Amino acid sequence: MTAVAVIGVGQTNYRRAHKDKSSRELIWEASKMALEDANMDIGGIDAIMAGIAPEALSGEGSVERGGMMGVGKPFLRINTGGVTGSSTVFAGTTYIQSGRAKAVLVVALERMGQATSSQQVFNTIFDPVYEKDFPLTTITMAALRASMLMRMYGYTEQHWAEIAARSFRNACRNPHAHLKLDITADDVLKSPLLAWPIHRYEACPMSEGACAMVLAAEDIVGDRNAAWVQGAASTSDSYAMGDRIRRPEATLVDLLSLRLSAERAFKQAGIDRPLEQIQAVELYSAFSSAEAMAYPALHFCKPEDGPRFVEAQFSDPSLPKINPSGGPQGANPVSATAMVRIAECALQVRGMAGERQVADVDRAVATGQGGATQFSTVCVLGKKKVH
Amino acid sequence: MSESELIEIAGQWNFNYNYFAGESASRFFRELRENQRIMGTRCTKCRRLLVPARAFCDACMERTNEWEAVGPEGTLDTFTIITTQFPGLPKPPIVMAYVTLDGADTALINLVHGLDMSDIDKAARRLNSLPRVRTKFIDEPKGRITDFSFELI
Amino acid sequence: MALENVSVYVEGVALEMSWADPRRNLSEFIFDTVRNALDDAGGSLDGITSVVLAAHDLVDGRSLSSMVTAPAAGAYLRDEIRYGDDGAGAFAAAVTRLEAGECERTIVAAWGRSSEHDVDAVSRTLFDPIFARPLGLEELHISGMRAQDWRRRHGGDSRVAAKQRAAAAARNPRALHKGGFKSAASYPLVEADLPLWGDVAAAMILTTKPTGVRLAGLGQSSEPYWIGDRTLHEATALRQAAERAMREARCKPAEIDIFEIDGLTLYDEAIGLEAIGLAKPGSGLDALAGNEKCNPSGGGAAGYCAPSMGLVRIIESVLQIQGRAGGNQIAAPRRALATGSSVVAGQTQTAVILEAA
Ligand SMILES: [Zn+2]
């Protein structure tokens with residue numbers, strides 16, 4: 001089977017609203033940059049995969065079709081909520097590995113600036129029969145888990161605040177980031193409480209923007225600066241959060257779907273000592289608690305050692321750098337966020353991350369997280385090709 | 001119109017749906033309205049009692065058969081306290097919690113009432129002890145999930 | 001094209017067309033069909049590590065449909081992906097997973113319930129809010145324009161073809177025989193040309209282990225976004241998709257025994273038959289009227305709801321090849337071509353050729 005590489009990355013800047021651009025112009029802009037980075041034109045692309053999550057956020061149906069480029073190519077639209085971006089990348093790598101394409105353009109767009117009430121929209125993702133009458137939102141879902149982590153593993157509000165402040169500070173070095181805040185944990189704790197234990201400065205912004213990448217089979221990569229897809233895995237879990245609370249094999253905060261994805265992706269990539277073999281990590285952690293849940297799932301530490309792992313990040317330079325781009329707290333264009341994680345890892349591996357570049361990156365790992373913390377993806381990118 | 005003016009067009013995104021609750025949820029809601037009890041269904045394969053009641057077990061991809069009542073008491077598993085008003089959603093503070101009712105294998109979400117909310121941190125500490133709770137029904141149940149809530153014992 | 005050593009086979013299928021069955025919620029509706037497809041494949045989930053779905057949030061009335069519905073389709077702890085695309089597109093994606101060696105067995109499923117949502121209102125969202133939506137455009141209006149463009153060039157009307165199509169649907173035991181409804185027809189379309197909106201779920205188990213039905217060819221293509229940039233009386237993307245599928249299967253239209261063409265209206269089906277090369281330009285309606293190989297399922301008259309239709313067409317083809325079609329069975333077909341389209345006027349198209357193995 002052919003190896004697949006990321007040979008081009010394009011990102012618009014992420015911001016609250018791009019009033020100066022239509023949806024299709026955003027798709028086009030990111031795609032054009034990715035093609036230029038890959039030193040390719042659209043004629044070299046065999047198929048296009050486009051990712052858009054809740055259409056209610058943009059108020060447009062099948063908006064990705066507006067970004068149709070290079071007529072006459074296979075074109076598919078992916079919608080897997082929070083993991084839309086990474087699912088779209090994986091759909092592309094699969095297409096190449098099937099032998100049906102040599103080069104695939106993948107693009108994801110978020111247009112939520114057009115929505116007048118996004119949390120109301122997020123409420124309509126829940127089961128209309130049993131759950132719609134409750135104020136369930138992405139924030140309250142995260143809060144339910146955060147309180148469980150505090151009780152089970154000893155996390156405190158201070159840990160959540162330290163993680164959030166670090167991400168916002170990292171975002172200051174990312175020119176694409178939407179929210180760049182030079183703040184401390186104290187500032188986070190002093191910000192208003194949204195849903196206990198989540199403070200405003202822990203929540204991610206609502207961002208618009210598009211991300212695109214060019215994926216290529218090894219025989220057309222040539223001498224291009226490539227980040228090789230060493231591992232890619234995706235796992236879905238039950239929707240019912242209540243079913244997972246006391247599940248013997250893994251509770252709600254054990255992120256079984258992320259652990260299973262990590263184990264598969266790491267095996268493909270030949271990773272058996274993740275803390276030593278990975279230099280940069282881009283986590284789809286819309287909240288600090290989501291980052292904490294990812295540590296044990298990625299085999300960075302045992303669940304009960306999570307709070308100490310947060311502290312060690314600030315003192316041990318040998319540990320992988322987490323969210324050098326600022327992560328979803330720096331910008332959260334929902335449909336694109338999981339692709340942005342992979343794109344940022346590709347930039348790190350290719351040594352093109354500018355001010356946010358981590359030193360000597362051989363491997364970087366990107367995660368995706370969506371649904372009711374139910375869809376998880378892990379993507380390993382590296383300087384060397386495996387297979 | 002100035003040369004730099006950017007046009008915004010107002011739009012709406014309202015659609016009408018008839019969501020079919022189906023036989024299982026209908027019976028679950030009927031039990032709420034008529035008998036003020038909470039029912040689960042048991043998976044024929046893994047034997048878990050799934051609450052709220054449903055027609056199939058997604059882990060096994062098998063149908064459920066037996067119906068059993070759970071509760072009325074149970075244990076709180078996790079919670080959040082909503083302290084900020086979001087447009088279109090109820091007025092804070094609101095306590096929302098997952099509770100495993102006695103006899104059930106899965107947890108059920110609902111609101112928790114009757115807690116002193118004047119000090120949010122104090123309320124959080126109380127809830128963090130995973131207290132026992134009981135279901136409390138409204139005076140005139142309508143067959144909706146909002147017919148009941150939880151209160152601390 | 002695909003890896004030489006991997007062939008894709010159909011292991012089990014299931015299809016339901018019904019109307020407003022209040023006994024089942026959407027998840028239960030999906031579960032029944034997926035469970036039936038698993039049972040058709042022998043009942044076991046062993047070795048199924050992949051689930052590929054096609055579903056639309058607006059059709060399902062859930063702003064992230066697969067969050068609630070994917071577990072009903074077998075997603076639990078499996079590598080599940082949902083396409084906001086036609087079921088034939090999901091089928092193609094599932095095929096690439098098998099060909100890439102990612103899995104050995106996969107579920108493919110697609111669904112939509114016309115009885116739960118407002119079909120016309122959802123159709124209007126497909127048009128961009130700046131130039132098109134203020135005009136109140138619906139997909140069927142574009143089909144009307146396609147029909148008019150076609151009629152102006154070729155003349156004729158759809159009466160005989162519509163009668164034949166209705167008769168085929170009446171013979172199809174899986175068709176929607178009770179309930180459903182039709183939207184208002186815009187000139188030159190008449191009611192008999194329109195799709196019968198129904199509740200549709202389709203599911204299939206694909207495998208790399210040989211069974212009686214093999215995938216012989218697969219092709220996909222797309223057209224420009226702007227309707228005004230397209231040639232409406234033709235179906236260019238479908239022509240390209242079918243050419244690619246036939247090249248892979250090394251066959252010509254004359255060597256194919258069954259054609260199951262997805263089109264929103266009767267005219268779209270006729271234009272589709274011309275695009276794949278079975279009928280000459282202008283003779284698509286005649287083919288539907290007189291050639292029993294063309295849409296023996298009854299096409300859109302048998303029941304319709306996006307985004308399941310491409311997968312429905314594929315399943316109808318499988319049942320024909322297996323000799324299990326029932327009242328609408330065509331004598332011993334060996335090879336079938338099925339298509340699925342997505343978005344306005346079939347902007348994206350997938351063509352699939354299946355053969356008796
Ligand atoms: Zn079970």
# chains A, B, ... in the order shown; residues from 1 in each chain; ligands from 1
$ residues_near_ligand --ligand "ligand 1" --cutoff "6 Å" --atoms "only C-alpha atoms and all ligand atoms" --output "PyMOL selection string"
chain B and resi 43+45-46+57+59-60
$ interface_residues --of "chain A" --to "chain C" --cutoff "7 Å" --atoms "only C-alpha atoms" --output "mmCIF file with all heavy atoms, in the first residue's frame"
data_model
loop_
_atom_site.group_PDB
_atom_site.id
_atom_site.type_symbol
_atom_site.label_atom_id
_atom_site.label_comp_id
_atom_site.auth_asym_id
_atom_site.auth_seq_id
_atom_site.Cartn_x
_atom_site.Cartn_y
_atom_site.Cartn_z
ATOM 1 N N PRO A 54 -22.369 21.087 11.551
ATOM 2 C CA PRO A 54 -23.764 21.546 11.552
ATOM 3 C C PRO A 54 -24.034 22.693 10.585
ATOM 4 O O PRO A 54 -23.449 23.763 10.676
ATOM 5 C CB PRO A 54 -23.973 21.986 13.000
ATOM 6 C CG PRO A 54 -23.084 21.106 13.773
ATOM 7 C CD PRO A 54 -21.857 20.920 12.900
ATOM 8 N N ALA A 56 -26.682 24.298 10.424
ATOM 9 C CA ALA A 56 -27.443 25.332 11.105
ATOM 10 C C ALA A 56 -26.531 26.474 11.551
ATOM 11 O O ALA A 56 -26.968 27.606 11.715
ATOM 12 C CB ALA A 56 -28.164 24.737 12.314
ATOM 13 N N GLU A 60 -26.653 27.704 5.883
ATOM 14 C CA GLU A 60 -26.627 27.355 4.465
ATOM 15 C C GLU A 60 -26.577 25.837 4.359
ATOM 16 O O GLU A 60 -25.860 25.185 5.094
ATOM 17 C CB GLU A 60 -25.377 27.922 3.777
ATOM 18 C CG GLU A 60 -25.317 29.431 3.753
ATOM 19 C CD GLU A 60 -24.062 29.938 3.044
ATOM 20 O OE1 GLU A 60 -23.927 29.682 1.841
ATOM 21 O OE2 GLU A 60 -23.229 30.577 3.708
ATOM 22 N N GLY A 61 -27.336 25.286 3.434
ATOM 23 C CA GLY A 61 -27.326 23.841 3.221
ATOM 24 C C GLY A 61 -26.279 23.479 2.204
ATOM 25 O O GLY A 61 -26.127 24.153 1.188
ATOM 26 N N SER A 62 -25.527 22.406 2.483
ATOM 27 C CA SER A 62 -24.517 21.917 1.535
ATOM 28 C C SER A 62 -23.653 23.041 0.979
ATOM 29 O O SER A 62 -23.409 23.137 -0.222
ATOM 30 C CB SER A 62 -25.184 21.156 0.378
ATOM 31 O OG SER A 62 -25.731 19.962 0.860
ATOM 32 N N ARG A 65 -20.611 22.759 -1.573
ATOM 33 C CA ARG A 65 -20.712 22.632 -3.032
ATOM 34 C C ARG A 65 -20.370 23.952 -3.707
ATOM 35 O O ARG A 65 -19.974 23.976 -4.861
ATOM 36 C CB ARG A 65 -22.117 22.223 -3.464
ATOM 37 C CG ARG A 65 -22.654 21.038 -2.727
ATOM 38 C CD ARG A 65 -21.966 19.748 -3.163
ATOM 39 N NE ARG A 65 -22.196 18.768 -2.111
ATOM 40 C CZ ARG A 65 -22.127 17.463 -2.272
ATOM 41 N NH1 ARG A 65 -21.813 16.956 -3.433
ATOM 42 N NH2 ARG A 65 -22.344 16.661 -1.266
ATOM 43 N N GLY A 66 -20.576 25.029 -2.981
ATOM 44 C CA GLY A 66 -20.234 26.329 -3.525
ATOM 45 C C GLY A 66 -18.742 26.465 -3.753
ATOM 46 O O GLY A 66 -18.288 27.270 -4.543
ATOM 47 N N MET A 68 -16.912 24.195 -4.988
ATOM 48 C CA MET A 68 -16.519 23.223 -6.004
ATOM 49 C C MET A 68 -15.381 23.762 -6.865
ATOM 50 O O MET A 68 -15.448 24.855 -7.405
ATOM 51 C CB MET A 68 -17.731 22.943 -6.895
ATOM 52 C CG MET A 68 -17.501 21.912 -7.968
ATOM 53 S SD MET A 68 -17.314 20.263 -7.300
ATOM 54 C CE MET A 68 -18.977 19.919 -6.710
ATOM 55 N N VAL A 71 -13.808 21.091 -11.829
ATOM 56 C CA VAL A 71 -14.979 20.342 -12.270
ATOM 57 C C VAL A 71 -14.633 18.966 -12.827
ATOM 58 O O VAL A 71 -13.605 18.801 -13.476
ATOM 59 C CB VAL A 71 -15.682 21.184 -13.347
ATOM 60 C CG1 VAL A 71 -16.821 20.418 -13.979
ATOM 61 C CG2 VAL A 71 -16.174 22.472 -12.723
ATOM 62 N N GLY A 72 -15.511 18.014 -12.586
ATOM 63 C CA GLY A 72 -15.336 16.685 -13.170
ATOM 64 C C GLY A 72 -14.603 15.706 -12.277
ATOM 65 O O GLY A 72 -14.250 14.618 -12.695
ATOM 66 N N LYS A 73 -14.364 16.104 -11.031
ATOM 67 C CA LYS A 73 -13.647 15.220 -10.116
ATOM 68 C C LYS A 73 -14.610 14.605 -9.118
ATOM 69 O O LYS A 73 -15.631 15.198 -8.800
ATOM 70 C CB LYS A 73 -12.593 16.013 -9.343
ATOM 71 C CG LYS A 73 -11.570 16.667 -10.241
ATOM 72 C CD LYS A 73 -10.607 17.522 -9.431
ATOM 73 C CE LYS A 73 -9.759 18.400 -10.330
ATOM 74 N NZ LYS A 73 -9.009 17.683 -11.359
ATOM 75 N N PRO A 74 -14.264 13.425 -8.591
ATOM 76 C CA PRO A 74 -15.028 12.908 -7.453
ATOM 77 C C PRO A 74 -15.020 13.957 -6.344
ATOM 78 O O PRO A 74 -13.979 14.561 -6.063
ATOM 79 C CB PRO A 74 -14.254 11.661 -7.029
ATOM 80 C CG PRO A 74 -13.515 11.234 -8.258
ATOM 81 C CD PRO A 74 -13.176 12.508 -8.979
ATOM 82 N N PHE A 75 -16.179 14.194 -5.754
ATOM 83 C CA PHE A 75 -16.311 15.221 -4.716
ATOM 84 C C PHE A 75 -17.268 14.668 -3.676
ATOM 85 O O PHE A 75 -18.398 14.335 -3.989
ATOM 86 C CB PHE A 75 -16.878 16.500 -5.354
ATOM 87 C CG PHE A 75 -17.009 17.670 -4.413
ATOM 88 C CD1 PHE A 75 -16.122 18.736 -4.478
ATOM 89 C CD2 PHE A 75 -18.032 17.718 -3.460
ATOM 90 C CE1 PHE A 75 -16.248 19.824 -3.625
ATOM 91 C CE2 PHE A 75 -18.159 18.801 -2.595
ATOM 92 C CZ PHE A 75 -17.261 19.857 -2.685
ATOM 93 N N LEU A 76 -16.809 14.560 -2.449
ATOM 94 C CA LEU A 76 -17.673 14.040 -1.395
ATOM 95 C C LEU A 76 -17.665 15.001 -0.225
ATOM 96 O O LEU A 76 -16.688 15.720 0.013
ATOM 97 C CB LEU A 76 -17.214 12.660 -0.929
ATOM 98 C CG LEU A 76 -17.554 11.494 -1.876
ATOM 99 C CD1 LEU A 76 -16.796 10.247 -1.464
ATOM 100 C CD2 LEU A 76 -19.055 11.222 -1.903
ATOM 101 N N ARG A 77 -18.771 15.013 0.497
ATOM 102 C CA ARG A 77 -18.895 15.890 1.642
ATOM 103 C C ARG A 77 -18.995 15.041 2.919
ATOM 104 O O ARG A 77 -19.757 14.103 3.002
ATOM 105 C CB ARG A 77 -20.152 16.755 1.475
ATOM 106 C CG ARG A 77 -20.378 17.775 2.557
ATOM 107 C CD ARG A 77 -21.266 17.196 3.644
ATOM 108 N NE ARG A 77 -21.474 18.120 4.737
ATOM 109 C CZ ARG A 77 -22.539 18.905 4.850
ATOM 110 N NH1 ARG A 77 -23.467 18.896 3.932
ATOM 111 N NH2 ARG A 77 -22.672 19.668 5.892
ATOM 112 N N ILE A 78 -18.191 15.426 3.899
ATOM 113 C CA ILE A 78 -18.125 14.694 5.160
ATOM 114 C C ILE A 78 -18.715 15.559 6.267
ATOM 115 O O ILE A 78 -18.488 16.766 6.304
ATOM 116 C CB ILE A 78 -16.661 14.316 5.496
ATOM 117 C CG1 ILE A 78 -16.156 13.197 4.560
ATOM 118 C CG2 ILE A 78 -16.519 13.824 6.934
ATOM 119 C CD1 ILE A 78 -15.426 13.639 3.371
ATOM 120 N N ASN A 79 -19.470 14.946 7.158
ATOM 121 C CA ASN A 79 -20.041 15.685 8.283
ATOM 122 C C ASN A 79 -20.029 14.782 9.505
ATOM 123 O O ASN A 79 -20.884 13.917 9.653
ATOM 124 C CB ASN A 79 -21.472 16.124 7.957
ATOM 125 C CG ASN A 79 -22.145 16.835 9.124
ATOM 126 O OD1 ASN A 79 -21.630 16.849 10.237
ATOM 127 N ND2 ASN A 79 -23.304 17.401 8.868
ATOM 128 N N THR A 80 -19.042 14.952 10.356
ATOM 129 C CA THR A 80 -18.955 14.135 11.565
ATOM 130 C C THR A 80 -18.792 15.025 12.790
ATOM 131 O O THR A 80 -18.077 14.685 13.728
ATOM 132 C CB THR A 80 -17.775 13.134 11.467
ATOM 133 O OG1 THR A 80 -16.586 13.876 11.153
ATOM 134 C CG2 THR A 80 -18.003 12.113 10.385
ATOM 135 N N GLY A 81 -19.452 16.175 12.768
ATOM 136 C CA GLY A 81 -19.417 17.064 13.926
ATOM 137 C C GLY A 81 -18.016 17.567 14.190
ATOM 138 O O GLY A 81 -17.314 17.999 13.278
ATOM 139 N N SER A 87 -11.925 13.615 9.890
ATOM 140 C CA SER A 87 -12.607 12.608 9.064
ATOM 141 C C SER A 87 -12.388 12.906 7.591
ATOM 142 O O SER A 87 -12.225 11.999 6.778
ATOM 143 C CB SER A 87 -14.114 12.613 9.333
ATOM 144 O OG SER A 87 -14.414 12.210 10.633
ATOM 145 N N THR A 94 -7.640 7.528 2.709
ATOM 146 C CA THR A 94 -8.209 6.239 2.302
ATOM 147 C C THR A 94 -8.370 6.181 0.786
ATOM 148 O O THR A 94 -8.052 5.173 0.143
ATOM 149 C CB THR A 94 -9.585 6.028 2.969
ATOM 150 O OG1 THR A 94 -9.423 6.058 4.379
ATOM 151 C CG2 THR A 94 -10.187 4.687 2.570
ATOM 152 N N TYR A 95 -8.853 7.267 0.215
ATOM 153 C CA TYR A 95 -9.054 7.315 -1.232
ATOM 154 C C TYR A 95 -7.730 7.079 -1.965
ATOM 155 O O TYR A 95 -7.668 6.353 -2.951
ATOM 156 C CB TYR A 95 -9.654 8.665 -1.616
ATOM 157 C CG TYR A 95 -10.668 8.579 -2.738
ATOM 158 C CD1 TYR A 95 -12.031 8.430 -2.455
ATOM 159 C CD2 TYR A 95 -10.275 8.638 -4.063
ATOM 160 C CE1 TYR A 95 -12.960 8.349 -3.480
ATOM 161 C CE2 TYR A 95 -11.200 8.551 -5.092
ATOM 162 C CZ TYR A 95 -12.543 8.406 -4.795
ATOM 163 O OH TYR A 95 -13.459 8.317 -5.805
ATOM 164 N N GLN A 97 -5.037 5.548 -0.661
ATOM 165 C CA GLN A 97 -4.543 4.195 -0.386
ATOM 166 C C GLN A 97 -5.347 3.120 -1.108
ATOM 167 O O GLN A 97 -4.871 2.006 -1.284
ATOM 168 C CB GLN A 97 -4.499 3.955 1.120
ATOM 169 C CG GLN A 97 -3.413 4.841 1.744
ATOM 170 C CD GLN A 97 -3.142 4.539 3.196
ATOM 171 O OE1 GLN A 97 -4.076 4.309 3.961
ATOM 172 N NE2 GLN A 97 -1.885 4.558 3.570
ATOM 173 N N SER A 98 -6.562 3.450 -1.536
ATOM 174 C CA SER A 98 -7.335 2.493 -2.336
ATOM 175 C C SER A 98 -6.783 2.395 -3.746
ATOM 176 O O SER A 98 -7.138 1.491 -4.492
ATOM 177 C CB SER A 98 -8.802 2.922 -2.397
ATOM 178 O OG SER A 98 -8.980 3.968 -3.339
ATOM 179 N N GLY A 99 -5.940 3.350 -4.104
ATOM 180 C CA GLY A 99 -5.392 3.360 -5.453
ATOM 181 C C GLY A 99 -6.228 4.162 -6.437
ATOM 182 O O GLY A 99 -5.926 4.229 -7.615
ATOM 183 N N ARG A 100 -7.295 4.793 -5.952
ATOM 184 C CA ARG A 100 -8.197 5.519 -6.846
ATOM 185 C C ARG A 100 -7.796 6.978 -7.049
ATOM 186 O O ARG A 100 -8.442 7.691 -7.799
ATOM 187 C CB ARG A 100 -9.635 5.430 -6.324
ATOM 188 C CG ARG A 100 -10.189 4.034 -6.452
ATOM 189 C CD ARG A 100 -11.634 3.893 -6.031
ATOM 190 N NE ARG A 100 -12.060 2.527 -6.271
ATOM 191 C CZ ARG A 100 -12.550 2.079 -7.431
ATOM 192 N NH1 ARG A 100 -12.690 2.899 -8.439
ATOM 193 N NH2 ARG A 100 -12.893 0.814 -7.573
ATOM 194 N N THR A 124 -29.709 21.917 19.647
ATOM 195 C CA THR A 124 -30.481 21.101 18.709
ATOM 196 C C THR A 124 -29.698 19.909 18.183
ATOM 197 O O THR A 124 -30.184 19.180 17.341
ATOM 198 C CB THR A 124 -30.998 21.928 17.506
ATOM 199 O OG1 THR A 124 -29.869 22.355 16.725
ATOM 200 C CG2 THR A 124 -31.791 23.134 17.943
ATOM 201 N N ILE A 125 -28.464 19.699 18.673
ATOM 202 C CA ILE A 125 -27.773 18.475 18.282
ATOM 203 C C ILE A 125 -28.217 17.317 19.169
ATOM 204 O O ILE A 125 -28.027 16.170 18.832
ATOM 205 C CB ILE A 125 -26.219 18.596 18.305
ATOM 206 C CG1 ILE A 125 -25.675 18.697 19.721
ATOM 207 C CG2 ILE A 125 -25.773 19.750 17.451
ATOM 208 C CD1 ILE A 125 -24.152 18.806 19.755
ATOM 209 N N ASP A 127 -30.623 14.642 21.399
ATOM 210 C CA ASP A 127 -31.767 13.799 21.105
ATOM 211 C C ASP A 127 -33.060 14.554 21.374
ATOM 212 O O ASP A 127 -33.320 14.966 22.500
ATOM 213 C CB ASP A 127 -31.671 12.552 21.998
ATOM 214 C CG ASP A 127 -32.919 11.713 21.917
ATOM 215 O OD1 ASP A 127 -33.624 11.814 20.898
ATOM 216 O OD2 ASP A 127 -33.181 10.956 22.866
ATOM 217 N N SER A 234 -9.748 6.217 13.682
ATOM 218 C CA SER A 234 -10.972 6.886 14.108
ATOM 219 C C SER A 234 -11.874 5.871 14.803
ATOM 220 O O SER A 234 -11.971 4.730 14.353
ATOM 221 C CB SER A 234 -11.650 7.455 12.857
ATOM 222 O OG SER A 234 -12.927 7.921 13.151
ATOM 223 N N THR A 235 -12.521 6.267 15.893
ATOM 224 C CA THR A 235 -13.409 5.359 16.624
ATOM 225 C C THR A 235 -14.626 6.117 17.125
ATOM 226 O O THR A 235 -14.507 7.245 17.616
ATOM 227 C CB THR A 235 -12.685 4.746 17.854
ATOM 228 O OG1 THR A 235 -11.410 4.251 17.447
ATOM 229 C CG2 THR A 235 -13.495 3.616 18.466
ATOM 230 N N SER A 236 -15.791 5.505 16.996
ATOM 231 C CA SER A 236 -17.025 6.105 17.511
ATOM 232 C C SER A 236 -17.501 5.341 18.735
ATOM 233 O O SER A 236 -17.314 4.136 18.838
ATOM 234 C CB SER A 236 -18.128 6.071 16.446
ATOM 235 O OG SER A 236 -17.754 6.845 15.338
ATOM 236 N N ASP A 237 -18.147 6.062 19.620
ATOM 237 C CA ASP A 237 -18.671 5.452 20.846
ATOM 238 C C ASP A 237 -20.188 5.624 20.876
ATOM 239 O O ASP A 237 -20.771 6.261 19.999
ATOM 240 C CB ASP A 237 -18.023 6.128 22.069
ATOM 241 C CG ASP A 237 -18.059 5.246 23.314
ATOM 242 O OD1 ASP A 237 -18.861 4.294 23.358
ATOM 243 O OD2 ASP A 237 -17.286 5.525 24.254
ATOM 244 N N SER A 238 -20.795 5.083 21.903
ATOM 245 C CA SER A 238 -22.228 5.264 22.107
ATOM 246 C C SER A 238 -22.531 6.741 22.285
ATOM 247 O O SER A 238 -21.730 7.495 22.820
ATOM 248 C CB SER A 238 -22.661 4.511 23.372
ATOM 249 O OG SER A 238 -24.016 4.761 23.640
ATOM 250 N N TYR A 239 -23.692 7.156 21.811
ATOM 251 C CA TYR A 239 -24.123 8.522 22.018
ATOM 252 C C TYR A 239 -24.478 8.756 23.486
ATOM 253 O O TYR A 239 -24.141 9.783 24.069
ATOM 254 C CB TYR A 239 -25.328 8.815 21.120
ATOM 255 C CG TYR A 239 -26.130 10.016 21.549
ATOM 256 C CD1 TYR A 239 -25.548 11.281 21.507
ATOM 257 C CD2 TYR A 239 -27.431 9.892 21.990
ATOM 258 C CE1 TYR A 239 -26.269 12.395 21.900
ATOM 259 C CE2 TYR A 239 -28.155 11.007 22.384
ATOM 260 C CZ TYR A 239 -27.575 12.250 22.341
ATOM 261 O OH TYR A 239 -28.281 13.343 22.737
ATOM 262 N N SER A 257 -12.891 5.927 23.174
ATOM 263 C CA SER A 257 -12.769 6.039 21.710
ATOM 264 C C SER A 257 -11.430 6.668 21.322
ATOM 265 O O SER A 257 -10.818 6.279 20.323
ATOM 266 C CB SER A 257 -13.933 6.841 21.129
ATOM 267 O OG SER A 257 -14.073 8.070 21.808
ATOM 268 N N GLY A 371 -19.005 15.023 18.631
ATOM 269 C CA GLY A 371 -20.230 14.435 19.144
ATOM 270 C C GLY A 371 -20.302 14.624 20.641
ATOM 271 O O GLY A 371 -19.770 15.582 21.181
ATOM 272 N N ALA A 372 -20.944 13.699 21.323
ATOM 273 C CA ALA A 372 -21.005 13.752 22.773
ATOM 274 C C ALA A 372 -19.720 13.116 23.313
ATOM 275 O O ALA A 372 -19.751 12.084 23.970
ATOM 276 C CB ALA A 372 -22.237 13.014 23.272
#
$ closest_atom_pairs --of "chain B" --to "chain C" --cutoff "9 Å" --atoms "only C-alpha atoms" --output "CSV"
residue,atom,partner,partner_atom,distance
B:Glu8,CA,C:Ile130,CA,8.7
B:Ile9,CA,C:Ile130,CA,7.0
B:Gly11,CA,C:Pro129,CA,7.6
B:Trp13,CA,C:Thr125,CA,8.7
B:Phe15,CA,C:Asp118,CA,7.0
B:Asn16,CA,C:Asp118,CA,6.3
B:Tyr17,CA,C:His117,CA,4.8
B:Asn18,CA,C:Glu116,CA,4.9
B:Tyr19,CA,C:Glu116,CA,6.0
B:Phe20,CA,C:Asn25,CA,4.9
B:Ala21,CA,C:Asn25,CA,4.9
B:Gly22,CA,C:Arg24,CA,3.8
B:Glu23,CA,C:Arg23,CA,4.5
B:Ser24,CA,C:Arg24,CA,7.8
B:Ala25,CA,C:Asn25,CA,8.3
B:Ser26,CA,C:Arg23,CA,8.5
B:Arg54,CA,C:Glu28,CA,8.6
B:Ala55,CA,C:Glu28,CA,6.7
B:Phe56,CA,C:Glu28,CA,7.4
B:Cys57,CA,C:Ala72,CA,8.4
B:Asp58,CA,C:Pro71,CA,5.5
B:Ala59,CA,C:Tyr76,CA,5.5
B:Cys60,CA,C:Tyr76,CA,8.3
B:Met61,CA,C:Gly74,CA,6.4
B:Glu62,CA,C:Arg35,CA,8.0
$ closest_residue --among "B:Leu49, B:Val70, B:Ile82, B:Leu152" --to "A:Ile198" --atoms "only C-alpha atoms"
B:Ile82
$ select_by_dssp --residues "chain B" --states "strand (DSSP E)" --output "ChimeraX atom specification"
/B:38-43,49-50,56-57,62-70,73-82,94-101,108-113,132-137,148-152
$ atom_distance --atom1 "atom CA of A:Val349" --atom2 "atom CA of A:Asp37"
14.6 Å
$ residues_around --residues "C:Val160" --least-positions-apart "5" --cutoff "9 Å" --atoms "only C-alpha atoms" --output "ChimeraX atom specification"
/C:165,285-286,288-290
$ residues_around --residues "B:Asp77" --least-positions-apart "5" --cutoff "7 Å" --atoms "only C-alpha atoms" --output "list of chain:residue names"
B:Tyr98, B:Val99, B:Thr100, B:Leu130
$ residues_around --residues "C:Lys163" --least-positions-apart "3" --cutoff "12 Å" --atoms "only C-alpha atoms" --output "PyMOL selection string"
chain C and resi 157-160+166-170+191-193+266+285-286+288-290+298+301
$ write_last_selection --atoms "C-alpha atoms" --output "CSV table (one decimal), in the first residue's frame"
chain,number,residue,atom,x,y,z
C,157,ASP,CA,-43.7,14.3,-23.1
C,158,SER,CA,-43.6,11.9,-20.3
C,159,ARG,CA,-47.1,10.3,-20.3
C,160,VAL,CA,-46.2,6.8,-21.6
C,166,ALA,CA,-46.0,3.6,-12.1
C,167,ALA,CA,-46.6,0.0,-13.2
C,168,ALA,CA,-43.0,-1.0,-12.4
C,169,ALA,CA,-43.3,0.6,-8.9
C,170,ALA,CA,-46.6,-1.3,-8.4
C,191,GLU,CA,-47.6,15.0,-10.8
C,192,ALA,CA,-46.7,11.7,-12.4
C,193,ASP,CA,-43.1,13.0,-13.1
C,266,LEU,CA,-38.9,11.2,-14.4
C,285,LEU,CA,-38.1,8.8,-22.0
C,286,ASP,CA,-38.7,6.2,-24.7
C,288,LEU,CA,-38.1,4.3,-19.7
C,289,ALA,CA,-41.3,3.7,-21.5
C,290,GLY,CA,-40.2,0.6,-23.5
C,298,GLY,CA,-40.0,2.0,-10.6
C,301,ALA,CA,-42.3,6.5,-8.2
